[in-house]
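*Asks:* Contents of run17.txt (compact mmCIF, C-alpha atoms) are given next:
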```txt
# COMPACT_ATOMS: atom_id res chain seq x y z
CA MET A 1 0.00 0.00 0.00
CA ARG A 2 1.50 3.35 -1.02
CA PRO A 3 1.61 5.97 1.76
CA ILE A 4 -0.81 8.88 1.52
CA LYS A 5 1.54 11.14 3.46
CA GLY A 6 2.51 14.03 1.23
CA TYR A 7 -0.87 14.19 -0.49
CA ASP A 8 -3.19 16.95 0.66
CA LYS A 9 -6.84 16.65 1.63
CA PRO A 10 -8.26 18.24 -1.58
CA PHE A 11 -6.38 15.76 -3.79
CA LEU A 12 -7.42 12.71 -1.77
CA SER A 13 -10.98 13.95 -1.33
CA ALA A 14 -11.32 14.43 -5.08
CA LEU A 15 -10.17 10.85 -5.69
CA LEU A 16 -12.56 9.48 -3.08
CA ARG A 17 -15.48 11.49 -4.46
CA GLU A 18 -14.79 10.39 -8.02
CA MET A 19 -14.50 6.70 -7.16
CA LEU A 20 -17.67 6.80 -5.08
CA LEU A 21 -19.50 8.63 -7.88
CA ILE A 22 -18.48 5.91 -10.33
CA ARG A 23 -19.66 3.20 -7.94
CA ARG A 24 -23.06 4.83 -7.40
CA PHE A 25 -23.42 5.58 -11.11
CA GLU A 26 -22.74 1.96 -12.02
CA GLU A 27 -25.13 0.65 -9.39
CA LYS A 28 -27.88 2.90 -10.75
CA ALA A 29 -27.04 1.93 -14.35
CA GLY A 30 -27.40 -1.73 -13.39
CA GLN A 31 -30.74 -1.01 -11.73
CA MET A 32 -32.07 0.91 -14.74
CA TYR A 33 -30.90 -1.86 -17.07
CA GLY A 34 -32.85 -4.34 -14.98
CA LEU A 35 -35.92 -2.12 -15.36
CA LYS A 36 -35.40 -2.22 -19.16
CA LYS A 37 -34.74 1.51 -19.34
CA ILE A 38 -31.35 0.79 -20.91
CA GLY A 39 -30.93 -1.46 -23.92
CA GLY A 40 -28.04 -3.15 -25.68
CA PHE A 41 -24.91 -4.30 -23.87
CA CYS A 42 -23.86 -2.91 -20.50
CA HIS A 43 -20.57 -3.74 -18.78
CA LEU A 44 -20.24 -2.40 -15.24
CA TYR A 45 -17.04 -1.20 -13.56
CA ASN A 46 -17.81 -1.88 -9.87
CA GLY A 47 -14.57 -2.69 -8.05
CA GLN A 48 -12.19 -1.22 -10.61
CA GLU A 49 -12.69 2.45 -9.75
CA ALA A 50 -9.15 3.03 -8.48
CA VAL A 51 -7.74 2.21 -11.91
CA CYS A 52 -9.48 4.90 -13.93
CA SER A 53 -9.47 7.49 -11.14
CA GLY A 54 -5.80 7.07 -10.33
CA ALA A 55 -4.84 7.02 -13.98
CA ALA A 56 -6.85 10.10 -14.92
CA ALA A 57 -5.22 12.01 -12.04
CA GLY A 58 -1.85 11.18 -13.59
CA MET A 59 -2.77 12.57 -17.02
CA GLN A 60 -2.30 16.11 -18.29
CA ARG A 61 -5.70 17.44 -19.29
CA GLY A 62 -5.81 19.15 -22.64
CA LEU A 63 -2.75 17.25 -23.86
CA ASP A 64 -3.28 13.56 -23.20
CA ARG A 65 -5.79 11.19 -24.76
CA LEU A 66 -7.49 8.11 -23.39
CA LEU A 67 -8.93 5.13 -25.24
CA THR A 68 -10.52 2.10 -23.65
CA GLY A 69 -12.78 -0.88 -24.27
CA TYR A 70 -16.47 -1.41 -23.66
CA ARG A 71 -16.29 -1.11 -19.84
CA ASP A 72 -15.90 2.63 -20.21
CA HIS A 73 -18.32 4.52 -17.94
CA GLY A 74 -15.72 4.98 -15.19
CA HIS A 75 -13.06 6.30 -17.54
CA ALA A 76 -15.50 8.86 -18.93
CA ILE A 77 -16.41 10.11 -15.44
CA SER A 78 -12.74 10.29 -14.47
CA LEU A 79 -12.02 12.54 -17.44
CA GLY A 80 -14.72 14.93 -16.38
CA LEU A 81 -17.60 14.06 -18.66
CA ASP A 82 -20.94 15.14 -17.21
CA PRO A 83 -22.56 12.03 -15.70
CA LYS A 84 -25.95 13.31 -16.89
CA THR A 85 -24.81 12.99 -20.50
CA LEU A 86 -23.42 9.53 -19.76
CA MET A 87 -26.72 8.31 -18.33
CA ALA A 88 -28.52 9.86 -21.29
CA GLU A 89 -26.18 7.97 -23.60
CA LEU A 90 -27.06 4.73 -21.82
CA TYR A 91 -30.71 5.59 -22.40
CA GLY A 92 -30.01 6.27 -26.10
CA LYS A 93 -31.12 9.89 -25.81
CA ALA A 94 -30.10 12.87 -27.97
CA THR A 95 -28.51 14.60 -24.95
CA GLY A 96 -26.02 11.75 -24.54
CA CYS A 97 -22.29 12.34 -25.00
CA SER A 98 -22.47 10.42 -28.32
CA LYS A 99 -25.92 11.81 -29.18
CA GLY A 100 -27.55 8.58 -28.05
CA LYS A 101 -26.05 6.62 -30.94
CA GLY A 102 -23.14 4.98 -29.13
CA GLY A 103 -24.66 3.58 -25.98
CA SER A 104 -22.77 1.97 -23.12
CA MET A 105 -19.73 0.89 -25.11
CA HIS A 106 -19.02 4.13 -26.97
CA MET A 107 -18.66 7.04 -24.55
CA PHE A 108 -16.79 9.84 -26.31
CA ASP A 109 -15.75 13.46 -25.82
CA TYR A 110 -13.01 14.81 -28.07
CA ALA A 111 -12.46 17.99 -26.09
CA LYS A 112 -11.92 16.17 -22.79
CA GLY A 113 -9.51 13.64 -24.27
CA MET A 114 -11.98 10.75 -24.07
CA TRP A 115 -11.31 9.23 -27.47
CA GLY A 116 -13.82 6.51 -26.98
CA GLY A 117 -14.82 3.19 -25.62
CA ASN A 118 -14.60 0.40 -28.17
CA GLY A 119 -16.90 -2.58 -28.61
CA ILE A 120 -14.28 -4.72 -30.38
CA VAL A 121 -12.09 -6.72 -28.00
CA GLY A 122 -8.63 -5.15 -28.26
CA GLY A 123 -9.74 -2.85 -31.09
CA GLN A 124 -8.69 0.24 -29.16
CA ILE A 125 -5.04 -0.85 -28.88
CA PRO A 126 -3.93 -0.13 -32.48
CA LEU A 127 -6.12 3.00 -32.49
CA ALA A 128 -4.27 4.33 -29.45
CA THR A 129 -0.93 3.49 -31.05
CA GLY A 130 -1.99 5.49 -34.10
CA SER A 131 -2.99 8.37 -31.83
CA ALA A 132 0.47 8.34 -30.24
CA PHE A 133 2.07 8.24 -33.70
CA ALA A 134 0.11 11.38 -34.62
CA GLN A 135 1.05 13.11 -31.38
CA LYS A 136 4.73 12.46 -31.99
CA SER A 137 4.50 13.54 -35.64
CA GLN A 138 2.56 16.70 -34.82
CA LYS A 139 4.72 17.46 -31.75
CA ASP A 140 1.66 18.40 -29.71
CA GLY A 141 3.37 17.53 -26.41
CA GLY A 142 0.81 14.92 -25.36
CA ALA A 143 0.71 11.18 -24.84
CA THR A 144 -1.96 8.49 -25.22
CA ILE A 145 -3.04 5.95 -22.63
CA VAL A 146 -5.03 2.87 -23.61
CA PHE A 147 -6.90 0.46 -21.34
CA PHE A 148 -7.85 -3.12 -22.17
CA GLY A 149 -8.70 -6.28 -20.28
CA ASP A 150 -6.78 -9.46 -19.64
CA GLY A 151 -8.84 -11.12 -22.37
CA ALA A 152 -7.74 -8.59 -25.00
CA ILE A 153 -4.08 -9.27 -24.27
CA HIS A 154 -4.31 -12.45 -26.35
CA GLN A 155 -5.38 -10.60 -29.48
CA GLY A 156 -2.77 -10.27 -32.19
CA ALA A 157 -3.40 -6.53 -32.35
CA PHE A 158 -1.92 -6.18 -28.86
CA HIS A 159 1.40 -7.67 -29.92
CA GLU A 160 1.54 -5.81 -33.24
CA ALA A 161 0.83 -2.49 -31.54
CA MET A 162 3.41 -3.08 -28.80
CA ASN A 163 6.05 -3.90 -31.41
CA LEU A 164 5.28 -0.78 -33.45
CA ALA A 165 5.23 1.44 -30.35
CA ALA A 166 8.66 0.16 -29.26
CA THR A 167 10.17 0.29 -32.76
CA TRP A 168 8.91 3.80 -33.52
CA LYS A 169 9.34 5.09 -29.93
CA LEU A 170 5.77 6.31 -29.51
CA PRO A 171 4.35 8.23 -26.51
CA VAL A 172 1.82 5.60 -25.45
CA VAL A 173 1.09 3.82 -22.18
CA PHE A 174 -0.54 0.40 -22.48
CA VAL A 175 -2.62 -0.58 -19.44
CA CYS A 176 -4.01 -4.05 -18.94
CA GLU A 177 -6.82 -3.93 -16.37
CA ASN A 178 -6.44 -7.47 -15.15
CA ASN A 179 -9.75 -8.05 -13.36
CA GLN A 180 -9.00 -11.80 -13.19
CA TYR A 181 -11.56 -12.92 -15.79
CA GLY A 182 -11.90 -12.68 -19.55
CA MET A 183 -15.68 -12.97 -19.77
CA GLY A 184 -16.18 -16.07 -17.59
CA SER A 185 -12.72 -17.65 -17.90
CA ALA A 186 -10.09 -17.17 -15.22
CA VAL A 187 -6.73 -15.89 -16.46
CA ASP A 188 -4.86 -19.04 -15.43
CA ARG A 189 -7.16 -21.17 -17.62
CA VAL A 190 -6.37 -19.29 -20.83
CA SER A 191 -2.86 -17.89 -20.41
CA SER A 192 0.38 -19.83 -20.09
CA VAL A 193 1.81 -16.69 -18.46
CA THR A 194 -0.25 -15.35 -15.56
CA ASP A 195 1.99 -12.37 -14.79
CA LEU A 196 0.83 -10.57 -17.89
CA TYR A 197 3.19 -7.61 -17.57
CA VAL A 198 6.13 -9.78 -18.66
CA LYS A 199 4.70 -9.82 -22.19
CA GLY A 200 5.88 -6.23 -22.62
CA GLN A 201 9.45 -7.30 -22.06
CA ALA A 202 9.36 -9.24 -25.32
CA TYR A 203 9.28 -5.87 -27.09
CA ASN A 204 11.83 -4.19 -24.80
CA ILE A 205 9.08 -2.06 -23.24
CA PRO A 206 9.44 -1.14 -19.55
CA SER A 207 6.70 -3.11 -17.78
CA LYS A 208 5.33 -3.28 -14.25
CA MET A 209 2.60 -4.86 -12.16
CA VAL A 210 0.54 -2.39 -10.13
CA ASP A 211 -1.94 -2.87 -7.27
CA GLY A 212 -5.20 -1.77 -8.84
CA MET A 213 -7.04 -1.59 -5.51
CA ASP A 214 -4.68 1.19 -4.36
CA VAL A 215 -5.57 4.45 -6.12
CA ILE A 216 -2.33 6.12 -4.99
CA ALA A 217 -0.22 3.33 -6.47
CA VAL A 218 -2.10 3.63 -9.76
CA TYR A 219 -1.70 7.41 -9.79
CA GLU A 220 2.03 7.31 -9.14
CA GLU A 221 2.81 4.61 -11.72
CA VAL A 222 0.61 6.05 -14.46
CA LYS A 223 1.90 9.58 -13.90
CA ALA A 224 5.50 8.37 -14.16
CA ALA A 225 4.75 6.38 -17.32
CA MET A 226 2.88 9.26 -18.97
CA ASP A 227 5.64 11.72 -18.09
CA THR A 228 8.18 9.36 -19.67
CA ALA A 229 6.02 8.98 -22.77
CA ARG A 230 5.75 12.75 -23.19
CA THR A 231 9.36 13.66 -22.52
CA LYS A 232 11.26 10.69 -23.93
CA PHE A 233 8.84 9.23 -26.50
CA GLU A 234 9.03 5.87 -24.81
CA PRO A 235 6.09 3.46 -24.39
CA SER A 236 5.33 1.64 -21.14
CA PHE A 237 3.17 -1.33 -20.18
CA LEU A 238 1.37 -1.57 -16.85
CA GLU A 239 -0.55 -4.62 -15.69
CA ILE A 240 -2.95 -3.24 -13.08
CA LYS A 241 -4.37 -6.04 -10.93
CA THR A 242 -7.98 -5.33 -10.00
CA TYR A 243 -11.30 -7.13 -9.64
CA ARG A 244 -14.80 -6.66 -11.00
CA TYR A 245 -17.57 -7.37 -8.52
CA LYS A 246 -20.22 -7.94 -11.18
CA GLY A 247 -20.37 -10.36 -14.09
CA HIS A 248 -18.77 -9.68 -17.45
CA SER A 249 -21.94 -7.93 -18.60
CA MET A 250 -25.50 -7.61 -17.34
CA SER A 251 -26.33 -11.04 -18.80
CA ASP A 252 -23.61 -12.78 -16.77
CA PRO A 253 -24.59 -14.01 -13.26
CA ALA A 254 -20.89 -14.77 -12.51
CA LYS A 255 -21.57 -18.22 -11.05
CA TYR A 256 -18.04 -19.32 -11.95
CA ARG A 257 -16.62 -17.47 -8.89
CA THR A 258 -16.53 -18.73 -5.34
CA LYS A 259 -18.01 -16.76 -2.48
CA GLU A 260 -14.64 -16.86 -0.71
CA GLU A 261 -12.85 -15.32 -3.68
CA THR A 262 -15.33 -12.46 -3.97
CA GLU A 263 -15.26 -11.77 -0.23
CA ALA A 264 -11.46 -11.64 -0.27
CA PHE A 265 -11.51 -8.89 -2.91
CA LEU A 266 -14.39 -7.06 -1.22
CA ALA A 267 -12.10 -6.77 1.80
CA GLN A 268 -9.74 -4.81 -0.46
CA ASP A 269 -12.43 -2.52 -1.85
CA PRO A 270 -10.57 0.49 -3.32
CA ILE A 271 -13.09 3.03 -2.04
CA LEU A 272 -13.12 1.70 1.50
CA LEU A 273 -9.32 1.39 1.51
CA LEU A 274 -8.88 5.08 0.68
CA LYS A 275 -11.66 6.04 3.10
CA GLY A 276 -9.95 4.12 5.91
CA ARG A 277 -6.56 5.65 5.21
CA MET A 278 -8.03 9.16 5.16
CA GLU A 279 -9.80 8.50 8.46
CA GLU A 280 -6.54 7.29 10.00
CA ALA A 281 -4.84 10.49 8.82
CA LYS A 282 -7.68 12.60 10.33
CA LEU A 283 -8.66 13.85 6.87
CA LEU A 284 -12.17 12.37 6.89
CA THR A 285 -14.86 11.40 9.37
CA GLU A 286 -17.58 8.78 9.04
CA ASP A 287 -20.25 11.48 9.04
CA GLN A 288 -18.49 13.36 6.22
CA TYR A 289 -18.33 10.16 4.20
CA LYS A 290 -22.04 9.48 4.73
CA ASP A 291 -22.87 13.04 3.67
CA LEU A 292 -20.79 12.59 0.52
CA ASP A 293 -22.50 9.30 -0.25
CA ARG A 294 -25.94 10.86 0.09
CA GLU A 295 -24.91 13.75 -2.15
CA LEU A 296 -23.68 11.42 -4.87
CA LYS A 297 -26.74 9.17 -4.71
CA ASP A 298 -28.88 12.28 -5.22
CA LEU A 299 -26.63 13.39 -8.08
CA VAL A 300 -26.99 10.03 -9.83
CA MET A 301 -30.74 10.06 -9.34
CA GLY A 302 -30.70 13.46 -11.04
CA CYS A 303 -28.84 11.87 -13.94
CA VAL A 304 -31.65 9.33 -14.33
CA GLU A 305 -34.28 12.07 -14.26
CA PHE A 306 -32.33 14.04 -16.89
CA ALA A 307 -32.04 10.97 -19.13
CA GLU A 308 -35.71 10.08 -18.84
CA ALA A 309 -36.77 13.65 -19.65
CA SER A 310 -34.43 13.93 -22.65
CA PRO A 311 -35.65 13.51 -26.26
CA GLU A 312 -34.87 10.63 -28.58
CA PRO A 313 -32.45 11.37 -31.45
CA GLY A 314 -34.20 12.72 -34.55
CA TYR A 315 -34.24 10.81 -37.83
CA GLU A 316 -31.94 13.44 -39.33
CA GLU A 317 -29.20 12.09 -37.04
CA ILE A 318 -28.98 8.75 -38.87
CA TYR A 319 -26.09 9.79 -41.10
CA THR A 320 -24.43 12.53 -39.06
CA ASP A 321 -20.89 11.78 -37.81
CA ILE A 322 -20.67 8.76 -40.13
CA TYR A 323 -18.59 10.36 -42.87
CA VAL A 324 -16.00 13.09 -42.44
```
Would you encode the structure as structure tokens?
*Replies:*
Amino acid sequence: MRPIKGYDKPFLSALLREMLLIRRFEEKAGQMYGLKKIGGFCHLYNGQEAVCSGAAAGMQRGLDRLLTGYRDHGHAISLGLDPKTLMAELYGKATGCSKGKGGSMHMFDYAKGMWGGNGIVGGQIPLATGSAFAQKSQKDGGATIVFFGDGAIHQGAFHEAMNLAATWKLPVVFVCENNQYGMGSAVDRVSSVTDLYVKGQAYNIPSKMVDGMDVIAVYEEVKAAMDTARTKFEPSFLEIKTYRYKGHSMSDPAKYRTKEETEAFLAQDPILLLKGRMEEAKLLTEDQYKDLDRELKDLVMGCVEFAEASPEPGYEEIYTDIYV
């Protein structure tokens, strides 16, 4: 566990608030999906909040870009997208961040550096490498970070992109969010190498394993990797070990996991870990946490009300944003 000494209350409070907002947003999204208010696919992020929050804190806003897969709600919130527009996107409404045409898997906001979730397993990895190539060519001073799951690491695109990034010295940070399962298959059932970070060493890319339940550890490692990408045009690979509390998607009851396994990871809940450390440092009280939780539950309920009151996309939107 990385020490929180040296980090001030505003910084830590912002991380705690963001992670708790993501948790409450995802819980409400799951509830609304169950009520058939949300259609299509929906992949929840419960348990992995420290990854996106810590990483986003280590990025330079206005310079850096983020691409991820279909479990993208948390990343979008961490980059500052309005959660009302995210809920509206889940509802398929015109006020959504992708005008209601992307849905759960395609959150996007160019101005905020959210260059999209991606519904194709591993499809975002070569896109992010291309983004980094453009940033280096255009000398815009930024870097690209790309998130993917442990399942995507077995796609050929992962290896091709890593090789190109190392050969061309591109400012990109590859992040494998290892939440222990690719759909319903445990990592050790499908990978001959279970320490996935070592795969980066095959391409001479500096690689590390990071505790994904510790938001400070994620922040420090991602910030260092992004700084290196920007200043030295060197890629990095981080395997961030985390855990998803829900199934792969809303259609997955996750019966392949034991109760003991889930309880062990619940004991390492990233939100409660940071809360406990802030309480120990006299930076937070239980009453303050409860007030924050109530505030965020109300905020998320407001997101639902906004989405339900928003209009459907008009027919004229069918072909917009399809061709440049």
*Asks:* Excluding segment 142-144 of chain A and any residue of its chain fewer than 2 positions from it, enumerate the residues within 6 Å of it, using all atoms listed in the file, and give them as an MDAnalysis selection string.
*Replies:* chainID A and resid 63:66 132 140 171:172 230
*Asks:* Produce a file of the selected residues containing C-alpha atoms, as a PDB file, in the coordinates of the input.
*Replies:*
```
ATOM      1  CA  LEU A  63      -2.750  17.250 -23.860  1.00  0.00           C
ATOM      2  CA  ASP A  64      -3.280  13.560 -23.200  1.00  0.00           C
ATOM      3  CA  ARG A  65      -5.790  11.190 -24.760  1.00  0.00           C
ATOM      4  CA  LEU A  66      -7.490   8.110 -23.390  1.00  0.00           C
ATOM      5  CA  ALA A 132       0.470   8.340 -30.240  1.00  0.00           C
ATOM      6  CA  ASP A 140       1.660  18.400 -29.710  1.00  0.00           C
ATOM      7  CA  PRO A 171       4.350   8.230 -26.510  1.00  0.00           C
ATOM      8  CA  VAL A 172       1.820   5.600 -25.450  1.00  0.00           C
ATOM      9  CA  ARG A 230       5.750  12.750 -23.190  1.00  0.00           C
TER      10      ARG A 230
END
```
*Asks:* Neighbourhood query: residues within 10 Å of (1.4, -4.1, -11.4), file coordinates, counting all atoms listed in the file; return as a VMD selection string.
*Replies:* chain A and resid 175 to 178 195 to 197 207 to 212 217 to 218 221 237 to 242
*Asks:* Return the single residue from A:Gly200, A:Pro235, A:Gly184, A:Gly113 that is closest to Asp252 of chain A, with distances computed using all atoms listed in the file.
*Replies:*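 Residue with the minimum atom-to-atom distance to Asp252 of chain A: A:Gly184.
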*Asks:* Might you pull out every residue within 12 Å of Thr167 of chain A, with all atoms listed in the file counted and same-chain residues fewer than 4 positions away left off, and present them as a list in words?
*Replies:*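 Neighbouring residues, sequence-local ones excluded: Thr129, Phe133, Glu160, Ala161, Met162, Asn163, Pro171, Tyr203, Asn204, Ile205, Phe233, Glu234 and Pro235 of chain A.
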*Asks:* Give me the residues within 9 Å of Ile4 of chain A as a list in words, counting only C-alpha atoms and dropping any in the same chain fewer than 5 places off.
*Replies:* Leu12, Ile216, Leu274, Arg277, Met278 and Ala281 of chain A
*Asks:* With all atoms listed in the file as the atoms that count, which of A:Thr231, A:Ser249, A:Thr194, A:Thr320 lies nearest to Ser104 of chain A?
*Replies:* A:Ser249
*Asks:* Tell me, in Å to one decimal, how far atom CA of Leu292 of chain A is from atom CA of Leu44 of chain A.
*Replies:*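 These two atoms are separated by 21.8 Å.
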*Asks:* Find the residue from A:His154, A:Arg257, A:Arg23, A:Arg71 that sits nearest to Leu272 of chain A; use all atoms listed in the file when measuring.
*Replies:* A:Arg23
*Asks:* Take segment 297-315 of chain A from the block and save it with N, CA and C atoms, as a PDB file, in the first residue's frame.
*Replies:*
```
ATOM      1  N   LYS A 297     -25.541   9.931  -4.356  1.00  0.00           N
ATOM      2  CA  LYS A 297     -26.744   9.174  -4.707  1.00  0.00           C
ATOM      3  C   LYS A 297     -27.808  10.103  -5.279  1.00  0.00           C
ATOM      4  N   ASP A 298     -27.942  11.292  -4.701  1.00  0.00           N
ATOM      5  CA  ASP A 298     -28.883  12.281  -5.225  1.00  0.00           C
ATOM      6  C   ASP A 298     -28.459  12.750  -6.614  1.00  0.00           C
ATOM      7  N   LEU A 299     -27.148  12.953  -6.784  1.00  0.00           N
ATOM      8  CA  LEU A 299     -26.635  13.389  -8.079  1.00  0.00           C
ATOM      9  C   LEU A 299     -26.959  12.361  -9.158  1.00  0.00           C
ATOM     10  N   VAL A 300     -26.737  11.093  -8.851  1.00  0.00           N
ATOM     11  CA  VAL A 300     -26.986  10.029  -9.832  1.00  0.00           C
ATOM     12  C   VAL A 300     -28.479   9.901 -10.121  1.00  0.00           C
ATOM     13  N   MET A 301     -29.301  10.085  -9.108  1.00  0.00           N
ATOM     14  CA  MET A 301     -30.744  10.060  -9.341  1.00  0.00           C
ATOM     15  C   MET A 301     -31.140  11.201 -10.271  1.00  0.00           C
ATOM     16  N   GLY A 302     -30.470  12.339 -10.127  1.00  0.00           N
ATOM     17  CA  GLY A 302     -30.705  13.455 -11.042  1.00  0.00           C
ATOM     18  C   GLY A 302     -30.296  13.117 -12.462  1.00  0.00           C
ATOM     19  N   CYS A 303     -29.267  12.305 -12.613  1.00  0.00           N
ATOM     20  CA  CYS A 303     -28.843  11.869 -13.943  1.00  0.00           C
ATOM     21  C   CYS A 303     -29.938  11.029 -14.607  1.00  0.00           C
ATOM     22  N   VAL A 304     -30.562  10.166 -13.808  1.00  0.00           N
ATOM     23  CA  VAL A 304     -31.652   9.335 -14.328  1.00  0.00           C
ATOM     24  C   VAL A 304     -32.826  10.214 -14.758  1.00  0.00           C
ATOM     25  N   GLU A 305     -33.163  11.183 -13.933  1.00  0.00           N
ATOM     26  CA  GLU A 305     -34.283  12.073 -14.258  1.00  0.00           C
ATOM     27  C   GLU A 305     -33.986  12.866 -15.529  1.00  0.00           C
ATOM     28  N   PHE A 306     -32.739  13.317 -15.676  1.00  0.00           N
ATOM     29  CA  PHE A 306     -32.333  14.035 -16.887  1.00  0.00           C
ATOM     30  C   PHE A 306     -32.468  13.145 -18.116  1.00  0.00           C
ATOM     31  N   ALA A 307     -31.989  11.899 -17.999  1.00  0.00           N
ATOM     32  CA  ALA A 307     -32.042  10.972 -19.132  1.00  0.00           C
ATOM     33  C   ALA A 307     -33.479  10.667 -19.529  1.00  0.00           C
ATOM     34  N   GLU A 308     -34.324  10.441 -18.541  1.00  0.00           N
ATOM     35  CA  GLU A 308     -35.706  10.080 -18.844  1.00  0.00           C
ATOM     36  C   GLU A 308     -36.481  11.247 -19.462  1.00  0.00           C
ATOM     37  N   ALA A 309     -36.084  12.473 -19.116  1.00  0.00           N
ATOM     38  CA  ALA A 309     -36.767  13.649 -19.654  1.00  0.00           C
ATOM     39  C   ALA A 309     -36.202  14.081 -21.010  1.00  0.00           C
ATOM     40  N   SER A 310     -35.083  13.508 -21.416  1.00  0.00           N
ATOM     41  CA  SER A 310     -34.426  13.926 -22.655  1.00  0.00           C
ATOM     42  C   SER A 310     -35.104  13.327 -23.885  1.00  0.00           C
ATOM     43  N   PRO A 311     -35.007  14.013 -25.037  1.00  0.00           N
ATOM     44  CA  PRO A 311     -35.649  13.514 -26.259  1.00  0.00           C
ATOM     45  C   PRO A 311     -34.852  12.408 -26.936  1.00  0.00           C
ATOM     46  N   GLU A 312     -35.534  11.630 -27.732  1.00  0.00           N
ATOM     47  CA  GLU A 312     -34.873  10.634 -28.575  1.00  0.00           C
ATOM     48  C   GLU A 312     -34.144  11.357 -29.710  1.00  0.00           C
ATOM     49  N   PRO A 313     -33.105  10.749 -30.292  1.00  0.00           N
ATOM     50  CA  PRO A 313     -32.452  11.372 -31.452  1.00  0.00           C
ATOM     51  C   PRO A 313     -33.437  11.475 -32.619  1.00  0.00           C
ATOM     52  N   GLY A 314     -33.348  12.559 -33.379  1.00  0.00           N
ATOM     53  CA  GLY A 314     -34.198  12.721 -34.550  1.00  0.00           C
ATOM     54  C   GLY A 314     -33.727  11.867 -35.709  1.00  0.00           C
ATOM     55  N   TYR A 315     -34.612  11.620 -36.666  1.00  0.00           N
ATOM     56  CA  TYR A 315     -34.242  10.806 -37.831  1.00  0.00           C
ATOM     57  C   TYR A 315     -33.103  11.435 -38.632  1.00  0.00           C
TER      58      TYR A 315
END
```
